[in-house]
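One file, entry_14.cif, is given below (mmCIF, C-alpha atoms).
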```
data_upload
#
loop_
_atom_site.label_atom_id
_atom_site.label_comp_id
_atom_site.auth_asym_id
_atom_site.auth_seq_id
_atom_site.Cartn_x
_atom_site.Cartn_y
_atom_site.Cartn_z
CA MET A 196 -40.93 -6.60 -14.50
CA MET A 197 -44.64 -7.24 -14.88
CA GLU A 198 -46.75 -5.26 -12.45
CA SER A 199 -49.22 -8.13 -12.07
CA VAL A 200 -50.21 -11.43 -13.63
CA ALA A 201 -53.84 -10.28 -13.77
CA GLY A 202 -54.76 -9.67 -17.40
CA ALA A 203 -51.33 -10.68 -18.70
CA GLY A 204 -50.89 -12.84 -21.78
CA VAL A 205 -48.97 -15.94 -20.72
CA VAL A 206 -47.54 -18.91 -22.61
CA VAL A 207 -46.33 -22.03 -20.81
CA THR A 208 -44.53 -24.75 -22.78
CA GLY A 209 -44.27 -28.34 -21.61
CA ALA A 210 -47.47 -27.68 -19.71
CA GLY A 211 -49.15 -31.04 -20.22
CA SER A 212 -48.01 -32.20 -16.77
CA GLY A 213 -45.66 -31.44 -13.89
CA ILE A 214 -44.26 -27.96 -13.35
CA GLY A 215 -45.74 -26.58 -16.55
CA ALA A 216 -49.26 -27.68 -15.67
CA ALA A 217 -48.93 -26.26 -12.14
CA LEU A 218 -47.68 -22.94 -13.53
CA ALA A 219 -50.48 -22.73 -16.09
CA ARG A 220 -53.15 -23.36 -13.46
CA ARG A 221 -51.61 -20.84 -11.08
CA PHE A 222 -51.36 -18.14 -13.74
CA VAL A 223 -55.04 -18.65 -14.62
CA ALA A 224 -55.96 -18.50 -10.93
CA GLU A 225 -54.14 -15.16 -10.69
CA GLY A 226 -56.10 -13.74 -13.61
CA GLY A 227 -53.73 -14.44 -16.49
CA ARG A 228 -54.85 -15.29 -20.01
CA VAL A 229 -52.93 -18.50 -20.54
CA ILE A 230 -51.81 -20.62 -23.48
CA VAL A 231 -50.99 -24.22 -22.57
CA ASN A 232 -48.47 -25.79 -24.93
CA ASP A 233 -47.27 -29.38 -25.02
CA ILE A 234 -46.10 -31.74 -27.73
CA ASP A 235 -48.79 -34.12 -26.43
CA ALA A 236 -52.00 -32.56 -27.75
CA GLY A 237 -54.22 -34.59 -25.43
CA ALA A 238 -52.27 -33.57 -22.34
CA ALA A 239 -52.33 -29.91 -23.35
CA ALA A 240 -56.09 -30.05 -23.91
CA ALA A 241 -56.70 -31.75 -20.57
CA VAL A 242 -54.75 -29.13 -18.60
CA ALA A 243 -56.33 -26.26 -20.51
CA THR A 244 -59.83 -27.63 -19.92
CA SER A 245 -59.11 -28.12 -16.21
CA CYS A 246 -58.28 -24.46 -15.61
CA GLY A 247 -59.88 -22.40 -18.37
CA ALA A 248 -56.77 -21.86 -20.48
CA THR A 249 -56.33 -22.28 -24.24
CA ALA A 250 -54.49 -25.33 -25.60
CA VAL A 251 -52.01 -24.79 -28.42
CA PRO A 252 -50.20 -28.10 -28.91
CA GLY A 253 -46.96 -28.36 -30.84
CA ASP A 254 -43.20 -28.74 -30.64
CA ALA A 255 -41.77 -25.85 -28.61
CA ALA A 256 -38.16 -26.79 -29.46
CA THR A 257 -37.86 -26.60 -33.25
CA GLU A 258 -37.45 -23.28 -35.04
CA GLY A 259 -40.70 -23.74 -36.94
CA GLY A 260 -42.56 -25.03 -33.91
CA VAL A 261 -41.56 -22.07 -31.75
CA ALA A 262 -42.50 -19.58 -34.47
CA ALA A 263 -45.88 -21.25 -34.96
CA LEU A 264 -46.61 -21.32 -31.22
CA ILE A 265 -45.76 -17.67 -30.72
CA GLY A 266 -47.69 -16.68 -33.83
CA VAL A 267 -50.87 -18.40 -32.66
CA ALA A 268 -50.39 -17.13 -29.10
CA ARG A 269 -50.21 -13.56 -30.34
CA GLU A 270 -53.40 -14.06 -32.34
CA VAL A 271 -55.18 -15.38 -29.24
CA LEU A 272 -53.69 -13.09 -26.60
CA GLY A 273 -52.94 -9.95 -28.57
CA GLU A 274 -49.45 -9.91 -27.08
CA ILE A 275 -47.33 -12.18 -24.93
CA ASP A 276 -46.32 -10.59 -21.64
CA LEU A 277 -44.79 -13.65 -20.01
CA PHE A 278 -43.31 -16.74 -21.64
CA CYS A 279 -42.42 -19.82 -19.60
CA ALA A 280 -39.84 -21.95 -21.44
CA ASN A 281 -40.60 -25.04 -19.42
CA ALA A 282 -40.36 -27.96 -21.86
CA GLY A 283 -37.45 -30.28 -21.13
CA VAL A 284 -36.08 -33.76 -21.63
CA ALA A 285 -33.95 -35.90 -19.30
CA ARG A 286 -31.62 -38.14 -21.27
CA ARG A 287 -29.22 -40.22 -19.22
CA GLY A 288 -25.78 -41.70 -19.79
CA GLY A 289 -22.28 -40.29 -19.96
CA GLU A 290 -19.99 -39.36 -22.81
CA GLN A 291 -21.13 -42.51 -24.60
CA ALA A 292 -24.77 -41.42 -24.67
CA SER A 293 -26.10 -41.59 -28.21
CA GLU A 294 -25.87 -38.74 -30.69
CA ALA A 295 -29.67 -38.70 -30.70
CA ASP A 296 -29.84 -38.21 -26.93
CA TRP A 297 -27.26 -35.40 -27.00
CA ALA A 298 -29.06 -33.74 -29.91
CA ALA A 299 -32.50 -33.96 -28.30
CA SER A 300 -31.16 -32.58 -25.01
CA TRP A 301 -29.55 -29.64 -26.76
CA GLN A 302 -32.59 -28.81 -28.89
CA VAL A 303 -35.19 -29.01 -26.11
CA ASN A 304 -33.24 -27.90 -23.04
CA VAL A 305 -31.28 -25.07 -24.68
CA MET A 306 -32.30 -24.09 -28.20
CA ALA A 307 -35.99 -23.92 -27.31
CA HIS A 308 -35.08 -21.02 -25.00
CA VAL A 309 -32.87 -19.37 -27.61
CA ARG A 310 -35.53 -19.66 -30.30
CA ALA A 311 -38.23 -18.27 -28.02
CA ALA A 312 -36.02 -15.29 -27.17
CA ARG A 313 -35.39 -14.60 -30.87
CA GLN A 314 -39.12 -14.44 -31.51
CA LEU A 315 -40.10 -12.50 -28.40
CA LEU A 316 -37.35 -9.92 -27.90
CA PRO A 317 -37.99 -7.58 -30.84
CA ALA A 318 -41.52 -6.73 -29.65
CA TRP A 319 -40.53 -6.73 -25.99
CA LEU A 320 -37.60 -4.39 -26.56
CA GLU A 321 -39.74 -2.06 -28.63
CA ARG A 322 -42.30 -1.69 -25.86
CA GLY A 323 -39.74 -1.82 -23.03
CA SER A 324 -41.08 -4.82 -21.12
CA GLY A 325 -41.25 -8.60 -21.24
CA HIS A 326 -40.82 -11.51 -18.85
CA LEU A 327 -39.12 -14.84 -19.63
CA ILE A 328 -39.10 -17.72 -17.17
CA CYS A 329 -36.67 -20.55 -17.96
CA THR A 330 -37.16 -23.86 -16.20
CA VAL A 331 -33.61 -25.09 -15.64
CA SER A 332 -32.71 -27.45 -12.78
CA ALA A 333 -30.32 -27.76 -9.87
CA ALA A 334 -28.37 -29.85 -12.39
CA GLY A 335 -27.55 -26.53 -14.06
CA LEU A 336 -25.97 -25.29 -10.84
CA LEU A 337 -24.38 -28.53 -9.67
CA THR A 338 -24.57 -31.70 -11.78
CA MET A 339 -26.53 -34.93 -12.07
CA LEU A 340 -24.35 -38.00 -11.96
CA GLY A 341 -25.28 -40.52 -14.62
CA ALA A 342 -26.98 -37.94 -16.82
CA ALA A 343 -24.36 -36.01 -18.78
CA PRO A 344 -26.67 -34.83 -21.61
CA TYR A 345 -29.14 -33.48 -19.05
CA SER A 346 -26.56 -31.84 -16.80
CA VAL A 347 -24.51 -30.26 -19.57
CA THR A 348 -27.51 -28.76 -21.35
CA LYS A 349 -29.03 -27.48 -18.12
CA HIS A 350 -25.78 -25.64 -17.42
CA ALA A 351 -26.09 -24.13 -20.89
CA ALA A 352 -29.73 -23.14 -20.29
CA LEU A 353 -28.76 -21.35 -17.09
CA GLY A 354 -25.89 -19.63 -18.85
CA PHE A 355 -28.23 -18.35 -21.56
CA ALA A 356 -30.74 -17.05 -19.01
CA GLU A 357 -27.95 -15.22 -17.17
CA TRP A 358 -26.70 -13.74 -20.45
CA LEU A 359 -30.17 -12.50 -21.37
CA ALA A 360 -30.64 -10.91 -17.97
CA ALA A 361 -27.26 -9.18 -18.07
CA THR A 362 -27.78 -7.97 -21.63
CA TYR A 363 -31.37 -6.72 -21.52
CA ALA A 364 -32.33 -5.94 -17.90
CA HIS A 365 -31.71 -2.23 -18.48
CA ARG A 366 -34.21 -2.33 -21.34
CA GLY A 367 -37.09 -3.69 -19.26
CA ILE A 368 -36.65 -7.43 -19.83
CA THR A 369 -37.01 -9.68 -16.78
CA VAL A 370 -35.51 -13.17 -16.85
CA GLN A 371 -36.07 -15.77 -14.14
CA ALA A 372 -34.29 -19.13 -14.10
CA ILE A 373 -35.82 -21.67 -11.75
CA CYS A 374 -33.51 -24.43 -10.55
CA PRO A 375 -35.33 -26.94 -8.31
CA GLN A 376 -33.33 -29.97 -7.19
CA GLY A 377 -36.08 -32.57 -7.28
CA VAL A 378 -39.74 -32.25 -8.24
CA LEU A 379 -42.42 -34.92 -8.09
CA THR A 380 -43.18 -35.04 -11.81
CA PRO A 381 -43.41 -37.83 -14.42
CA MET A 382 -39.72 -37.16 -15.14
CA MET A 383 -38.91 -38.21 -11.56
CA ALA A 384 -40.66 -41.54 -12.17
CA GLY A 385 -37.88 -42.46 -14.59
CA ALA A 386 -35.08 -41.67 -12.14
CA THR A 387 -32.44 -44.28 -11.40
CA ALA A 388 -32.12 -45.83 -7.95
CA ALA A 389 -29.16 -43.56 -7.20
CA GLU A 390 -31.07 -40.46 -8.29
CA ARG A 391 -34.07 -41.43 -6.18
CA LEU A 392 -31.81 -41.92 -3.16
CA ILE A 393 -30.50 -38.36 -3.55
CA LEU A 394 -33.72 -36.63 -4.56
CA THR A 395 -36.74 -38.38 -3.08
CA ASP A 396 -36.55 -37.12 0.51
CA SER A 397 -36.08 -33.51 -0.57
CA ALA A 398 -38.39 -33.54 -3.59
CA ILE A 399 -41.10 -30.91 -3.72
CA THR A 400 -44.38 -30.75 -5.61
CA PRO A 401 -44.93 -28.86 -8.86
CA GLU A 402 -47.31 -26.61 -6.96
CA GLN A 403 -44.51 -25.61 -4.59
CA VAL A 404 -42.38 -24.67 -7.58
CA ALA A 405 -45.25 -22.56 -8.93
CA ASP A 406 -45.54 -20.83 -5.53
CA ALA A 407 -41.84 -19.94 -5.65
CA VAL A 408 -42.13 -18.57 -9.18
CA MET A 409 -45.14 -16.46 -8.30
CA ALA A 410 -43.34 -15.04 -5.27
CA GLY A 411 -40.98 -13.36 -7.72
CA ILE A 412 -43.76 -11.63 -9.67
CA PRO A 413 -45.42 -8.53 -8.17
CA GLY A 414 -49.08 -9.15 -7.54
CA GLY A 415 -48.59 -12.91 -7.95
#
```
Show this structure as structure tokens.
Amino acid sequence: MMESVAGAGVVVTGAGSGIGAALARRFVAEGGRVIVNDIDAGAAAAVATSCGATAVPGDAATEGGVAALIGVAREVLGEIDLFCANAGVARRGGEQASEADWAASWQVNVMAHVRAARQLLPAWLERGSGHLICTVSAAGLLTMLGAAPYSVTKHAALGFAEWLAATYAHRGITVQAICPQGVLTPMMAGATAAERLILTDSAITPEQVADAVMAGIPGG
């Protein structure tokens, strides 16, 4: 596990708003050298400017996009100490949801994490340290009625994080999976009436999520 965020090289994907933006700002405040990534270049630039981070826009889900992001991040940071796989999509519907919605959910919510691990682990294992934070969801522990693509892929994301932790903890790799039930983000704005009924009263802010993440990092 990282001894401290201060001085660490940090990458946060999906950081143009919501949890990712809150994490990026908090890591900078704690002394981290932070890359803000988002598929929306304008949003990434705005967050980076607001906190003194570096914007590296791009698609953090595709194989090429992940490789490009990590390549640029290493050029800027020297090395990546902590990677936050935070980008996600919430596609609704049941078994009849479109092939496109199922595919997008799988690529962003699951394979983005797998592809980041492929790129990061060789260097991390060689040096004996590295920290991966996967933004999952309570839907990965329970379920989200009316949103099968989201729920199923969040279960898979949690399963992959657990597998990584079990496989590489003894070699210095730390994996955190964060599973908030409801967070006041732009994603929440698209919630159905039923979802709002369940989530609104208990929803927390992105900053509260960032506080919880930092509580698990020494010196954070």
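Compared by their closest atoms to Gly354 of chain A, and using all atoms listed in the file, the residues A:Ala217, A:Ala312, A:Val305, A:Ala239 rank with A:Val305 nearest.
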Exercise. Run the PyMOL selection byres ((chain A and resi 374-376) around 6) on the file and write out the hits as a list of chain:residue names.
Key: A:Val331, A:Ser332, A:Ala333, A:Ile373, A:Gly377
Exercise. Select, from A:Arg366, A:His326, A:Pro344, A:Thr400, the residue with the minimum atom-to-atom distance to Ser293 of chain A, counting all atoms listed in the file.
Key: A:Pro344
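From atom CA of Leu320 of chain A back to atom CA of Ala361 of chain A, the distance works out to 14.2 Å.
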Practice problem: Could you tell me how far atom CA of Thr369 of chain A lies from atom CA of Ser212 of chain A, in Å and to one decimal? | Solution: 25.1 Å
Self-check item: Answer key for the PyMOL selection byres ((chain A and resi 204-209) around 7), residues as an MDAnalysis selection string
Solution: chainID A and resid 202:203 210:211 215 219 227:233 255 272 274:282
Quiz item: Looking at only C-alpha atoms, which of A:Ala216, A:Ala224, A:Gly341, A:Val303 is the one that sits closest to Ala250 of chain A?
Solution: A:Ala216
Quiz item: Which is closer to Gly226 of chain A than all the others in A:Gln314, A:Gln302, A:Gln291, A:Ser199, using all atoms listed in the file?
Solution: A:Ser199
Export of segment 349-363 of chain A: N, CA, C and O atoms, as a tab-separated table (two decimals), in the first residue's frame:
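What follows is the written file part21.tsv:
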```tsv
chain	number	residue	atom	x	y	z
A	349	LYS	N	-21.46	-4.33	-13.09
A	349	LYS	CA	-20.87	-3.90	-11.83
A	349	LYS	C	-20.53	-5.11	-10.95
A	349	LYS	O	-19.54	-5.09	-10.21
A	350	HIS	N	-21.33	-6.16	-11.00
A	350	HIS	CA	-20.95	-7.40	-10.33
A	350	HIS	C	-19.63	-7.92	-10.90
A	350	HIS	O	-18.76	-8.39	-10.15
A	351	ALA	N	-19.49	-7.87	-12.21
A	351	ALA	CA	-18.26	-8.35	-12.84
A	351	ALA	C	-17.07	-7.49	-12.44
A	351	ALA	O	-15.97	-8.01	-12.21
A	352	ALA	N	-17.26	-6.17	-12.37
A	352	ALA	CA	-16.17	-5.28	-11.97
A	352	ALA	C	-15.70	-5.59	-10.56
A	352	ALA	O	-14.49	-5.60	-10.27
A	353	LEU	N	-16.65	-5.84	-9.66
A	353	LEU	CA	-16.29	-6.19	-8.29
A	353	LEU	C	-15.55	-7.53	-8.26
A	353	LEU	O	-14.55	-7.69	-7.55
A	354	GLY	N	-16.04	-8.48	-9.04
A	354	GLY	CA	-15.38	-9.77	-9.09
A	354	GLY	C	-13.95	-9.67	-9.57
A	354	GLY	O	-13.05	-10.35	-9.05
A	355	PHE	N	-13.70	-8.81	-10.56
A	355	PHE	CA	-12.34	-8.65	-11.05
A	355	PHE	C	-11.45	-7.99	-10.01
A	355	PHE	O	-10.29	-8.40	-9.82
A	356	ALA	N	-11.98	-6.99	-9.30
A	356	ALA	CA	-11.19	-6.33	-8.26
A	356	ALA	C	-10.83	-7.33	-7.16
A	356	ALA	O	-9.69	-7.35	-6.66
A	357	GLU	N	-11.78	-8.17	-6.78
A	357	GLU	CA	-11.51	-9.18	-5.75
A	357	GLU	C	-10.45	-10.18	-6.23
A	357	GLU	O	-9.57	-10.59	-5.47
A	358	TRP	N	-10.55	-10.56	-7.51
A	358	TRP	CA	-9.57	-11.50	-8.06
A	358	TRP	C	-8.17	-10.90	-8.06
A	358	TRP	O	-7.19	-11.57	-7.69
A	359	LEU	N	-8.06	-9.64	-8.47
A	359	LEU	CA	-6.76	-8.98	-8.46
A	359	LEU	C	-6.17	-8.94	-7.05
A	359	LEU	O	-4.98	-9.22	-6.86
A	360	ALA	N	-7.01	-8.57	-6.09
A	360	ALA	CA	-6.53	-8.47	-4.71
A	360	ALA	C	-6.04	-9.82	-4.21
A	360	ALA	O	-4.97	-9.93	-3.59
A	361	ALA	N	-6.81	-10.86	-4.46
A	361	ALA	CA	-6.45	-12.19	-3.99
A	361	ALA	C	-5.20	-12.71	-4.68
A	361	ALA	O	-4.39	-13.44	-4.08
A	362	THR	N	-5.01	-12.33	-5.92
A	362	THR	CA	-3.89	-12.86	-6.71
A	362	THR	C	-2.58	-12.13	-6.45
A	362	THR	O	-1.51	-12.76	-6.45
A	363	TYR	N	-2.64	-10.82	-6.20
A	363	TYR	CA	-1.41	-10.03	-6.17
A	363	TYR	C	-1.13	-9.30	-4.86
A	363	TYR	O	-0.11	-8.60	-4.77
```
